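Novice: File my_file04.pdb below, PDB, C-alpha atoms and all ligand atoms:
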MODEL        1
ATOM      1  CA  MET K   1      85.556 169.799  80.673
ATOM      2  CA  THR K   2      87.539 167.281  82.718
ATOM      3  CA  LYS K   3      86.225 166.718  86.209
ATOM      4  CA  THR K   4      88.878 166.773  88.932
ATOM      5  CA  ILE K   5      89.157 163.274  90.296
ATOM      6  CA  GLN K   6      89.336 162.465  93.971
ATOM      7  CA  HIS K   7      92.634 160.973  95.154
ATOM      8  CA  ASP K   8      90.984 157.816  96.422
ATOM      9  CA  MET K   9      89.708 156.977  92.933
ATOM     10  CA  VAL K  10      92.023 154.809  90.844
ATOM     11  CA  ILE K  11      89.698 154.964  87.841
ATOM     12  CA  ALA K  12      87.603 157.895  86.715
ATOM     13  CA  ALA K  13      85.931 157.395  83.350
ATOM     14  CA  GLN K  14      83.326 159.732  81.913
ATOM     15  CA  GLY K  15      81.287 159.314  78.776
ATOM     16  CA  VAL K  16      83.565 156.621  77.388
ATOM     17  CA  THR K  17      82.700 155.408  73.926
ATOM     18  CA  LEU K  18      84.414 152.853  71.727
ATOM     19  CA  THR K  19      83.567 152.438  68.082
ATOM     20  CA  LEU K  20      85.518 149.903  66.042
ATOM     21  CA  GLY K  21      85.466 148.651  62.490
ATOM     22  CA  THR K  22      85.373 150.313  59.117
ATOM     23  CA  SER K  23      83.095 153.210  58.234
ATOM     24  CA  ASP K  24      80.571 150.971  56.433
ATOM     25  CA  ALA K  25      80.707 148.298  59.145
ATOM     26  CA  SER K  26      81.396 150.147  62.377
ATOM     27  CA  THR K  27      80.174 148.894  65.739
ATOM     28  CA  ASP K  28      79.405 151.032  68.787
ATOM     29  CA  ILE K  29      80.897 148.754  71.402
ATOM     30  CA  LEU K  30      80.944 151.064  74.432
ATOM     31  CA  ARG K  31      78.168 153.633  74.516
ATOM     32  CA  GLY K  32      78.779 156.218  77.249
ATOM     33  CA  ILE K  33      80.378 154.568  80.264
ATOM     34  CA  ASP K  34      80.692 156.621  83.479
ATOM     35  CA  LEU K  35      82.654 154.787  86.134
ATOM     36  CA  GLU K  36      84.648 155.681  89.235
ATOM     37  CA  VAL K  37      86.468 152.953  91.124
ATOM     38  CA  ALA K  38      87.930 153.460  94.603
ATOM     39  CA  ARG K  39      91.469 152.424  95.441
ATOM     40  CA  GLY K  40      92.005 149.020  97.017
ATOM     41  CA  THR K  41      88.533 147.708  96.193
ATOM     42  CA  SER K  42      87.425 144.733  94.102
ATOM     43  CA  LEU K  43      84.927 144.952  91.290
ATOM     44  CA  ALA K  44      83.297 142.259  89.171
ATOM     45  CA  LEU K  45      82.311 143.036  85.610
ATOM     46  CA  LEU K  46      79.370 140.901  84.511
ATOM     47  CA  GLY K  47      77.247 140.863  81.400
ATOM     48  CA  PRO K  48      76.224 138.701  78.483
ATOM     49  CA  SER K  49      78.659 137.706  75.759
ATOM     50  CA  GLY K  50      79.281 140.679  73.497
ATOM     51  CA  SER K  51      78.137 143.272  76.063
ATOM     52  CA  GLY K  52      81.560 144.943  76.020
ATOM     53  CA  LYS K  53      83.338 143.610  79.120
ATOM     54  CA  SER K  54      86.656 142.837  77.429
ATOM     55  CA  SER K  55      86.466 146.071  75.453
ATOM     56  CA  LEU K  56      85.968 148.111  78.633
ATOM     57  CA  MET K  57      88.901 146.306  80.225
ATOM     58  CA  ALA K  58      91.028 147.084  77.158
ATOM     59  CA  VAL K  59      90.164 150.786  77.389
ATOM     60  CA  LEU K  60      90.688 151.010  81.165
ATOM     61  CA  SER K  61      94.004 149.163  80.947
ATOM     62  CA  GLY K  62      95.287 151.345  78.120
ATOM     63  CA  LEU K  63      95.394 148.550  75.535
ATOM     64  CA  GLU K  64      92.698 150.201  73.462
ATOM     65  CA  ARG K  65      92.123 153.925  73.044
ATOM     66  CA  ALA K  66      88.612 155.200  73.741
ATOM     67  CA  SER K  67      86.865 156.796  70.762
ATOM     68  CA  GLY K  68      85.388 159.447  73.032
ATOM     69  CA  GLY K  69      85.125 160.546  76.644
ATOM     70  CA  GLN K  70      87.674 160.788  79.448
ATOM     71  CA  VAL K  71      89.728 157.980  80.948
ATOM     72  CA  GLN K  72      91.848 158.729  83.988
ATOM     73  CA  VAL K  73      93.691 155.816  85.548
ATOM     74  CA  ALA K  74      96.052 155.945  88.522
ATOM     75  CA  GLY K  75      96.353 159.695  88.160
ATOM     76  CA  LEU K  76      97.086 159.659  84.415
ATOM     77  CA  ASP K  77      94.860 160.952  81.659
ATOM     78  CA  PHE K  78      94.888 158.064  79.160
ATOM     79  CA  THR K  79      93.049 160.114  76.570
ATOM     80  CA  THR K  80      95.970 162.513  76.087
ATOM     81  CA  LEU K  81      98.855 160.006  76.024
ATOM     82  CA  ASP K  82     100.323 158.748  72.759
ATOM     83  CA  GLU K  83     100.887 155.010  72.178
ATOM     84  CA  ASP K  84     104.438 154.953  73.608
ATOM     85  CA  ALA K  85     103.509 156.980  76.658
ATOM     86  CA  LEU K  86     100.527 154.696  77.207
ATOM     87  CA  ALA K  87     102.754 151.603  77.049
ATOM     88  CA  ARG K  88     105.148 153.170  79.565
ATOM     89  CA  ALA K  89     102.255 154.205  81.802
ATOM     90  CA  ARG K  90     100.921 150.644  81.873
ATOM     91  CA  ARG K  91     104.225 149.187  83.051
ATOM     92  CA  GLY K  92     104.256 148.892  86.797
ATOM     93  CA  ARG K  93     100.844 150.538  87.206
ATOM     94  CA  ILE K  94      98.582 147.915  85.699
ATOM     95  CA  GLY K  95      98.730 144.128  85.996
ATOM     96  CA  ILE K  96      96.718 141.788  83.803
ATOM     97  CA  VAL K  97      95.768 138.151  84.365
ATOM     98  CA  LEU K  98      94.118 136.375  81.435
ATOM     99  CA  GLN K  99      92.173 133.154  81.099
ATOM    100  CA  ALA K 100      94.851 131.503  78.948
ATOM    101  CA  PHE K 101      97.773 132.536  81.232
ATOM    102  CA  HIS K 102      99.910 133.931  78.353
ATOM    103  CA  LEU K 103     103.292 133.161  79.850
ATOM    104  CA  LEU K 104     106.298 133.378  77.546
ATOM    105  CA  PRO K 105     107.180 129.749  76.705
ATOM    106  CA  THR K 106     110.914 130.351  76.331
ATOM    107  CA  MET K 107     111.262 131.820  79.809
ATOM    108  CA  THR K 108     111.257 130.112  83.193
ATOM    109  CA  ALA K 109     108.670 131.010  85.836
ATOM    110  CA  ARG K 110     111.254 133.287  87.444
ATOM    111  CA  GLU K 111     112.074 135.043  84.168
ATOM    112  CA  ASN K 112     108.392 135.472  83.287
ATOM    113  CA  VAL K 113     107.909 137.399  86.527
ATOM    114  CA  ALA K 114     111.254 139.236  86.638
ATOM    115  CA  VAL K 115     111.650 140.411  83.044
ATOM    116  CA  PRO K 116     108.618 142.762  83.001
ATOM    117  CA  MET K 117     109.920 144.341  86.221
ATOM    118  CA  GLU K 118     113.368 144.740  84.665
ATOM    119  CA  LEU K 119     111.766 146.380  81.631
ATOM    120  CA  ALA K 120     109.919 148.722  83.972
ATOM    121  CA  GLY K 121     113.325 149.725  85.363
ATOM    122  CA  MET K 122     112.800 148.196  88.806
ATOM    123  CA  ALA K 123     115.804 147.349  90.927
ATOM    124  CA  ASP K 124     116.216 143.770  92.205
ATOM    125  CA  ALA K 125     113.743 142.372  89.670
ATOM    126  CA  PHE K 126     114.911 138.777  90.176
ATOM    127  CA  ALA K 127     114.874 138.984  93.972
ATOM    128  CA  ARG K 128     111.391 140.474  93.824
ATOM    129  CA  ALA K 129     110.266 137.784  91.395
ATOM    130  CA  ASP K 130     111.530 135.058  93.738
ATOM    131  CA  ALA K 131     109.671 136.618  96.684
ATOM    132  CA  GLU K 132     106.491 136.949  94.640
ATOM    133  CA  LEU K 133     106.689 133.346  93.385
ATOM    134  CA  ILE K 134     107.255 132.123  96.932
ATOM    135  CA  ALA K 135     104.189 134.140  97.998
ATOM    136  CA  VAL K 136     102.038 132.316  95.429
ATOM    137  CA  GLY K 137     103.369 128.937  96.580
ATOM    138  CA  LEU K 138     105.813 128.308  93.736
ATOM    139  CA  GLY K 139     109.144 128.610  95.512
ATOM    140  CA  HIS K 140     109.915 125.068  94.302
ATOM    141  CA  ARG K 141     109.142 125.848  90.640
ATOM    142  CA  LEU K 142     111.294 128.938  89.962
ATOM    143  CA  HIS K 143     113.249 127.335  87.130
ATOM    144  CA  HIS K 144     110.407 125.469  85.449
ATOM    145  CA  TYR K 145     109.214 126.472  81.983
ATOM    146  CA  PRO K 146     105.456 127.003  81.390
ATOM    147  CA  THR K 147     105.082 123.606  79.643
ATOM    148  CA  GLN K 148     106.491 121.973  82.774
ATOM    149  CA  LEU K 149     103.795 123.572  84.965
ATOM    150  CA  SER K 150     100.125 122.642  85.526
ATOM    151  CA  GLY K 151      97.387 125.088  84.516
ATOM    152  CA  GLY K 152      96.908 126.183  88.124
ATOM    153  CA  GLU K 153     100.662 126.680  88.526
ATOM    154  CA  GLN K 154     100.828 128.704  85.302
ATOM    155  CA  GLN K 155      98.060 130.951  86.598
ATOM    156  CA  ARG K 156      99.994 131.389  89.869
ATOM    157  CA  VAL K 157     102.982 132.555  87.812
ATOM    158  CA  ALA K 158     100.675 134.941  85.931
ATOM    159  CA  ILE K 159      99.401 136.311  89.270
ATOM    160  CA  ALA K 160     102.978 136.765  90.506
ATOM    161  CA  ARG K 161     103.843 138.539  87.240
ATOM    162  CA  ALA K 162     100.819 140.832  87.499
ATOM    163  CA  LEU K 163     101.320 141.708  91.187
ATOM    164  CA  GLY K 164     105.150 141.772  91.257
ATOM    165  CA  PRO K 165     105.508 145.424  90.214
ATOM    166  CA  ARG K 166     102.966 146.448  92.908
ATOM    167  CA  PRO K 167     100.475 147.876  90.414
ATOM    168  CA  ALA K 168      97.664 150.168  91.500
ATOM    169  CA  LEU K 169      95.272 148.181  89.377
ATOM    170  CA  VAL K 170      94.948 144.511  88.410
ATOM    171  CA  PHE K 171      92.593 143.251  85.711
ATOM    172  CA  ALA K 172      91.640 139.586  85.539
ATOM    173  CA  ASP K 173      89.685 138.370  82.500
ATOM    174  CA  GLU K 174      87.974 135.045  83.335
ATOM    175  CA  PRO K 175      91.023 134.012  85.407
ATOM    176  CA  THR K 176      89.555 130.616  86.304
ATOM    177  CA  GLY K 177      88.051 129.865  82.879
ATOM    178  CA  ASN K 178      90.690 127.258  81.976
ATOM    179  CA  LEU K 179      90.825 125.604  85.399
ATOM    180  CA  ASP K 180      88.765 122.953  87.171
ATOM    181  CA  THR K 181      86.471 124.139  89.982
ATOM    182  CA  THR K 182      88.790 123.285  92.885
ATOM    183  CA  THR K 183      91.888 124.773  91.256
ATOM    184  CA  GLY K 184      89.869 127.833  90.173
ATOM    185  CA  ALA K 185      88.663 128.428  93.735
ATOM    186  CA  ALA K 186      92.238 128.201  95.034
ATOM    187  CA  ILE K 187      93.410 130.635  92.357
ATOM    188  CA  MET K 188      90.706 133.138  93.321
ATOM    189  CA  ASP K 189      91.597 132.851  97.021
ATOM    190  CA  LEU K 190      95.175 133.583  96.033
ATOM    191  CA  LEU K 191      94.264 136.496  93.779
ATOM    192  CA  PHE K 192      92.189 138.163  96.522
ATOM    193  CA  GLU K 193      94.941 137.495  99.054
ATOM    194  CA  ARG K 194      97.679 139.004  96.882
ATOM    195  CA  GLN K 195      95.422 141.949  95.967
ATOM    196  CA  ALA K 196      94.862 142.707  99.657
ATOM    197  CA  ALA K 197      98.586 142.339 100.429
ATOM    198  CA  ALA K 198      99.450 144.775  97.636
ATOM    199  CA  GLY K 199      96.593 147.196  98.379
ATOM    200  CA  ALA K 200      95.716 147.001  94.682
ATOM    201  CA  THR K 201      92.361 147.516  93.026
ATOM    202  CA  LEU K 202      91.081 144.357  91.347
ATOM    203  CA  ILE K 203      88.684 144.251  88.408
ATOM    204  CA  ILE K 204      87.511 140.783  87.412
ATOM    205  CA  ILE K 205      85.590 139.898  84.281
ATOM    206  CA  THR K 206      83.549 136.820  85.045
ATOM    207  CA  HIS K 207      80.447 134.849  84.173
ATOM    208  CA  ASP K 208      80.576 133.259  87.626
ATOM    209  CA  ALA K 209      77.964 134.847  89.940
ATOM    210  CA  GLY K 210      79.564 133.200  92.987
ATOM    211  CA  LEU K 211      82.905 134.773  92.198
ATOM    212  CA  ALA K 212      81.286 138.149  91.518
ATOM    213  CA  ALA K 213      79.587 137.972  94.935
ATOM    214  CA  ARG K 214      83.035 137.944  96.577
ATOM    215  CA  CYS K 215      83.790 141.391  95.140
ATOM    216  CA  ASP K 216      83.013 144.717  96.874
ATOM    217  CA  ARG K 217      81.032 145.848  93.869
ATOM    218  CA  ILE K 218      79.322 144.342  90.832
ATOM    219  CA  ILE K 219      78.859 146.211  87.567
ATOM    220  CA  GLU K 220      76.672 144.682  84.896
ATOM    221  CA  LEU K 221      77.135 145.685  81.288
ATOM    222  CA  ALA K 222      74.453 145.327  78.637
ATOM    223  CA  ASP K 223      74.933 146.420  75.067
ATOM    224  CA  GLY K 224      77.913 148.644  75.839
ATOM    225  CA  GLN K 225      76.297 150.466  78.761
ATOM    226  CA  ILE K 226      76.227 150.044  82.537
ATOM    227  CA  ALA K 227      72.919 148.334  83.304
ATOM    228  CA  ALA K 228      73.427 147.784  87.040
ATOM    229  CA  ASP K 229      75.887 148.899  89.729
ATOM    230  CA  ARG K 230      75.627 147.140  93.089
ATOM    231  CA  ARG K 231      77.825 147.421  96.186
ATOM    232  CA  ARG K 232      78.100 144.959  99.009
TER     233      ARG K 232
HETATM  234  N1  LIG T 301      87.706 145.024  66.346
HETATM  235  C1  LIG T 301      86.370 144.981  66.413
HETATM  236  N2  LIG T 301      85.621 145.467  65.406
HETATM  237  C2  LIG T 301      84.283 145.437  65.455
HETATM  238  N3  LIG T 301      83.577 144.921  66.483
HETATM  239  C3  LIG T 301      84.251 144.397  67.507
HETATM  240  C4  LIG T 301      85.687 144.400  67.546
HETATM  241  N4  LIG T 301      86.075 143.840  68.723
HETATM  242  C5  LIG T 301      84.947 143.483  69.390
HETATM  243  N5  LIG T 301      83.850 143.822  68.657
HETATM  244  C6  LIG T 301      82.440 143.621  69.062
HETATM  245  O1  LIG T 301      82.229 144.319  70.274
HETATM  246  C7  LIG T 301      81.282 143.661  71.094
HETATM  247  C8  LIG T 301      81.808 143.553  72.515
HETATM  248  O2  LIG T 301      82.891 142.637  72.558
HETATM  249  P1  LIG T 301      83.619 142.244  73.916
HETATM  250  O3  LIG T 301      84.669 141.228  73.585
HETATM  251  O4  LIG T 301      84.040 143.462  74.628
HETATM  252  O5  LIG T 301      82.414 141.549  74.721
HETATM  253  P2  LIG T 301      82.441 140.704  76.048
HETATM  254  O6  LIG T 301      81.324 141.209  76.889
HETATM  255  O7  LIG T 301      83.795 140.703  76.638
HETATM  256  O8  LIG T 301      82.067 139.264  75.501
HETATM  257  P3  LIG T 301      82.525 137.775  75.963
HETATM  258  O9  LIG T 301      81.864 137.523  77.292
HETATM  259  O10 LIG T 301      81.948 136.908  74.876
HETATM  260  O11 LIG T 301      84.015 137.745  76.006
HETATM  261  C9  LIG T 301      81.003 142.334  70.422
HETATM  262  O12 LIG T 301      79.743 142.433  69.785
HETATM  263  C10 LIG T 301      82.106 142.195  69.396
HETATM  264  O13 LIG T 301      81.685 141.486  68.269
ENDMDL
END
If you took the structure in this file and wrote it as structure tokens, what would it be?

Specialist:
Amino acid sequence: MTKTIQHDMVIAAQGVTLTLGTSDASTDILRGIDLEVARGTSLALLGPSGSGKSSLMAVLSGLERASGGQVQVAGLDFTTLDEDALARARRGRIGIVLQAFHLLPTMTARENVAVPMELAGMADAFARADAELIAVGLGHRLHHYPTQLSGGEQQRVAIARALGPRPALVFADEPTGNLDTTTGAAIMDLLFERQAAAGATLIIITHDAGLAARCDRIIELADGQIAADRRR
């Protein structure tokens, strides 16, 4: 039976399992995850390589369907939505920042931020994109293409793209992994600042204990299960 979730919870996951692969070579990647995450908080997801961090992010962001259990995100039951409905649900509700930036190379910074908002049917997508890029310190780089931007600048564009639609939830998978220490620290300051401004919930996958310590809560995964759950 589905538990009724409290309104201040942006994520409510119960008994989540993920099994991938073929029948003779299947892997139990997530093995019964129970997790509730409060709105507007930050959470670091730690754990050794292969423990299931990226897989959990994929399930909670609707990119991967859980094999079992319940996944409710921002008031939607992900387990009952079909692929198209899931894709629509993600738009505007969930922002994602990845280690390798993943900007579209044929689009300018402005277009990279505006086009997803246009696709989500938001009015004034370009005006909003400009405001968001100015907020991340790139007002002077609106018309640059990704190859004309530094790594730190590309990640700022990715942050603007993720936060532009005012999502309830932002996932960041090793967001500083491709950046030097100083640039990475500046990017994290910016990500926390934009998260607070948007009132979004932030979930960061990291191997960096210092970065995790800046979050309200730290979850450690081990072998597809939650091994530790600490709050500041
Ligand atoms: N499509 C798949 N089929 C079978 N096994 C998979 C598949 N995708 C991932 N796995 C396995 O699931 C486990 C968890 O992977 P996942 O990428 O979630 O770990 P992670 O904690 O994010 O690791 P890392 O820190 O190295 O990125 C790994 O053992 C991986 O080999």

Novice: Taking all atoms listed in the file into account, name the residue in K:Gln155, K:Gln99, K:Ser55, K:Thr206 that is nearest to K:Thr19.

Specialist: K:Ser55

Novice: Which of these, K:Met57, K:Leu119, K:Ile11, K:Met107, has the shortest distance to ligand LIG 301 (chain T) once you count all atoms listed in the file?

Specialist: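 Under the stated criterion, the closest residue is K:Met57.
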
Novice: Could you state the separation of atom CA of K:Ala85 and atom CA of K:Gln72 in Å, given to one decimal place?

Specialist: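 We find that atom CA of K:Ala85 and atom CA of K:Gln72 lie 13.9 Å from each other.
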
Novice: Pull the closest atom pair for each residue of stretch 61-151 of chain K that gets at most 8 Å from stretch 169-176 of chain K, along with the distance in Å to one decimal, counting all atoms listed in the file, ordering rows by chain and then ascending residue number, as a Markdown table.

Specialist:
| residue | atom | partner | partner_atom | distance |
| --- | --- | --- | --- | --- |
| K:Ser61 | CA | K:Phe171 | CA | 7.7 |
| K:Ala74 | CA | K:Leu169 | CA | 7.8 |
| K:Arg93 | CA | K:Leu169 | CA | 6.4 |
| K:Ile94 | CA | K:Leu169 | CA | 5.0 |
| K:Gly95 | CA | K:Val170 | CA | 4.5 |
| K:Ile96 | CA | K:Phe171 | CA | 4.8 |
| K:Val97 | CA | K:Ala172 | CA | 4.5 |
| K:Leu98 | CA | K:Asp173 | CA | 5.0 |
| K:Gln99 | CA | K:Pro175 | CA | 4.5 |
| K:Ala100 | CA | K:Pro175 | CA | 7.9 |

Novice: Name the residues captured by the PyMOL selection byres (((not hetatm)) within 9 of (chain T and resi 301)) when it is applied to the shown file; answer as a PyMOL selection string.

Specialist: chain K and resi 18-22+25-30+45-58+173-174+205-207+221-224

Novice: Closest to K:Gly137 among K:Ala160, K:Ala200, K:Leu179, K:Ala227, using all atoms listed in the file?

Specialist: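 Among the listed residues, the smallest separation from K:Gly137 belongs to K:Ala160.
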
Novice: Using the file's own x, y and z axes, so that the box edges lie along x, y and z, what centre and edge lengths in Å (one decimal) does a box around every listed atom of stretch 101-120 of chain K get when 5 Å is added on each side? Give it as AutoDock Vina command-line options.

Specialist:
--center_x 105.6 --center_y 139.2 --center_z 81.9 --size_x 25.6 --size_y 29.0 --size_z 21.1

Novice: Please indicate the distance in Å from atom CA of K:Phe126 to atom CA of K:Ala114, rounded to one decimal place.

Specialist: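 Result for atom CA of K:Phe126 versus atom CA of K:Ala114: 5.1 Å, one decimal.
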
Novice: Report as a list in words the residues that result from applying the PyMOL selection byres (((chain K and resi 13) around 8) and not hetatm) to the structure here.

Specialist: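 On the file shown, the PyMOL selection byres (((chain K and resi 13) around 8) and not hetatm) covers Ile11, Ala12, Gln14, Gly15, Val16, Ile33, Asp34, Leu35, Glu36, Gly69, Gln70, Val71 and Gln72 of chain K.
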
Novice: Could you check how far atom CA of K:Gln225 sits from atom CA of K:Gly62, in Å to one decimal?

Specialist: 19.0 Å

Novice: Please return, as a PyMOL selection string, all polymer residues that have at least one atom within 12 Å of the point (105.8, 133.0, 95.2); use only C-alpha atoms and the file's own coordinate frame.

Specialist: chain K and resi 109-110+113-114+126-142+153-161+163-164+190+194

Novice: Write out as a list of chain:residue names which residues come within 8 Å of K:Arg65 when counting all atoms listed in the file, dropping same-chain ones fewer than 6 positions away.

Specialist: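 Non-adjacent residues within range: K:Leu18, K:Val59, K:Phe78, K:Thr79.
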
Novice: Which protein, DNA or RNA residues are at most 10 Å from (93.8, 156.8, 97.1) in the file's coordinates when you count all atoms listed in the file, listed as a ChimeraX atom specification?

Specialist: /K:6-10,38-40,74-75,168

Novice: Looking at all atoms listed in the file, which of K:Gly121, K:Gly184, K:Pro146, K:Gly68 is the one that sits closest to K:Gly92?

Specialist: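 Looking at the shortest contact to K:Gly92, the residue is K:Gly121.
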